[in-house]
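Asker: Dumping the structure here so I can ask a few things about it.
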Amino acid sequence: MAITTKIRPRALVRASGGPRYALALAVDALGTGLLRPFLLLYGVTVLRLSAPATGIAMTVGIVVGLVCMPAVGRWLDRGARSTVVAASMLVRALGVALLLATPAGHVWLFATAALFLGIGNQAWPAAHAALVATVAHRRERDAALAGGRALRNAALGAGALLATACLAGGTTALQALAAVTGLAYLAAAALAWSVHLRAHPAAPAEDTADGPAPRMRALLAANVVYVFCLNVPEIALPLVLVTQLHASPVWSAAIFVANTVLVVTLQVPVTVLMSRFPRRTVLALAGVVLAGSYLGFLAATSLGHGWGAPAVATVSVVCTIGEIIYAGSATALVTALAPAHVLGRALARFELSTGFGLAVSPAAITALAPHGPAALWGSLAAATLLSASAVATEKDQGTRLGGCQSGIRRAGIRRAG
């Protein structure tokens with residue numbers, strides 16, 4: 001299997017779908033950063049909804065949005081690539097349009113807007129991964145997926161910073177940010193569609209001897225637990241720092257900014273560095289690193305007020321490294337395991353497990369935290385170590401990895417425009 005040892009920016013852009021597609025990702029993420037962190041605030045301040053009603057509507061939108069994933073998977077398996085990516089952006093543009101048209105006090109219209117935003121947010125990762133897997137091959141694909149994540153995080157952070165600077169304008173500013181977000185989604189959809197990338201569906205007999213998609217039961221179950229790491233900087237650490245260590249909220253903000261900067265700067269280099277090892281081994285290692293960071297948080301919180309907050313901030317760097325290793329190997333492993341004719345459905349199933357983990361993790365974290373640091377961090381560490389063990393021991397069956405699969409995908413690409 002080929003190993004990527006160098007980072008070549010131009011080659012990375014080509015492997016990620018080309019300059020127009022990279023621009024589409026940046027515009028889409030910039031627009032998302034303008035609104036998504038402040039959607040709850042929009043419901044409360046602009047639409048005059050209660051905080052609980054707004055939160056429930058947003059949660060329902062995310063969860064119900066997962067229902068679309070089987071259809072997205074089948075659409076991808078019929079060969080669609082850039083069209084699905086563009087559709088996920090257009091659906092979010094529709095959600096923003098509904099949001100802008102919602103009168104004050106109408107919670108159901110807000111919930112409908114959140115649903116369309118949720119559908120787009122859930123469909124995009126699988127569609128993006130399928131597109132990259134069609135363009136790039138072997139370890140180049142891993143680096144391209146990592147590059148897309150770094151670019152997206154950078155644009156999300158830039159959008160959030162810009163929106164924060166505009167919030168002094170009150171409700172008018174929030175409405176303007178929503179309108180700009182909708183325009184950004186429309187522009188990104190047009191750019192993504194203009195790539196005109198499609199893959200000819202592969203017949204089962206051409207791809208593997210057995211044909212069916214790999215079950216990946218252990219991987220999918222483990223992913224639900226792994227995904228908790230994405231909500232640690234946003235939910236778990238602010239909760240612990242403020243309510244248990246009585247630290248300034250500045251610490252939470254600093255940790256979140258550091259997490260974003262580290263992901264943007266290290267995602268590609270770390271993924272390239274790990275390309276010398278099997279993807280399954282790397283994913284298991286990510287679980288070990290994350291579990292170690294959770295135990296580090298447990299030790300840091302025992303220091304109490306004073307040294308506790310700096311110690312938590314230090315350990316958060318280790319947690320972010322674990323997140324980077326996880327993000328660089330998980331989706332890449334799915335694309336390597338899945339036969340070409342069921343790649344879309346495999347990615348859709350993986351995104352279902354990701355979405356489920358993101359949906360339940362806030363409730364799980366907030367339920368465990370009141371019982372003390374040992375309940376929170378000890379439970380997360382134990383569950384993550386168990387998940388890492390399951391990933392490491394699961395057998396890859398019914399697939400042919402490496403050059404054969406890549407060659408089939410390469411032969412099946414059709415690109416126009």
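Ordering of the structure tokens sets the chain letters (A, B, ...), residue numbers begin anew at 1 in every chain, and ligands are numbered from 1 in the order given.
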As a list of chain:residue names, list the residues of range 12-212 of chain A assigned to strand (DSSP E or B) by DSSP on the backbone atoms of this structure.
Answerer: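 DSSP-assigned strand (DSSP E or B) residues in range 12-212 of chain A: A:Ala80, A:Leu197, A:Arg198, A:Ala199.
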Asker: Find the residues near Leu30 in chain A: any atom within 6 Å, counting only C-alpha atoms, skip ones fewer than 5 places away on the same chain, and give them as a tab-separated table (two decimals) with N, CA and C atoms, in the first residue's frame.
Answerer:
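Once written, part23.tsv looks like this:
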chain	number	residue	atom	x	y	z
A	155	ALA	N	-12.27	27.91	8.18
A	155	ALA	CA	-13.36	28.78	7.72
A	155	ALA	C	-14.46	28.90	8.77
A	156	LEU	N	-14.77	27.81	9.47
A	156	LEU	CA	-15.75	27.88	10.55
A	156	LEU	C	-15.31	28.86	11.63
A	159	GLY	N	-15.60	32.43	10.37
A	159	GLY	CA	-17.00	32.86	10.36
A	159	GLY	C	-17.50	33.17	11.76
Asker: Mind giving me the straight-line distance from CA of Gly61 in chain A to CA of Phe350 in chain A in Å, one decimal?
Answerer: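 Going from CA of Gly61 in chain A over to CA of Phe350 in chain A, I get 18.9 Å.
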Asker: When distances are computed from only C-alpha atoms, which of A:Ala363, A:Leu347, A:Cys166, A:Ala53 shows the smallest separation from Thr331 in chain A?
Answerer: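 Once distances to Thr331 in chain A are computed over only C-alpha atoms, the minimum belongs to A:Leu347.
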Asker: Just to confirm, what's the straight-line distance from CA of Gly55 in chain A to CA of His106 in chain A in Å (one decimal)?
Answerer: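 Taking CA of Gly55 in chain A and CA of His106 in chain A, their separation equals 14.1 Å.
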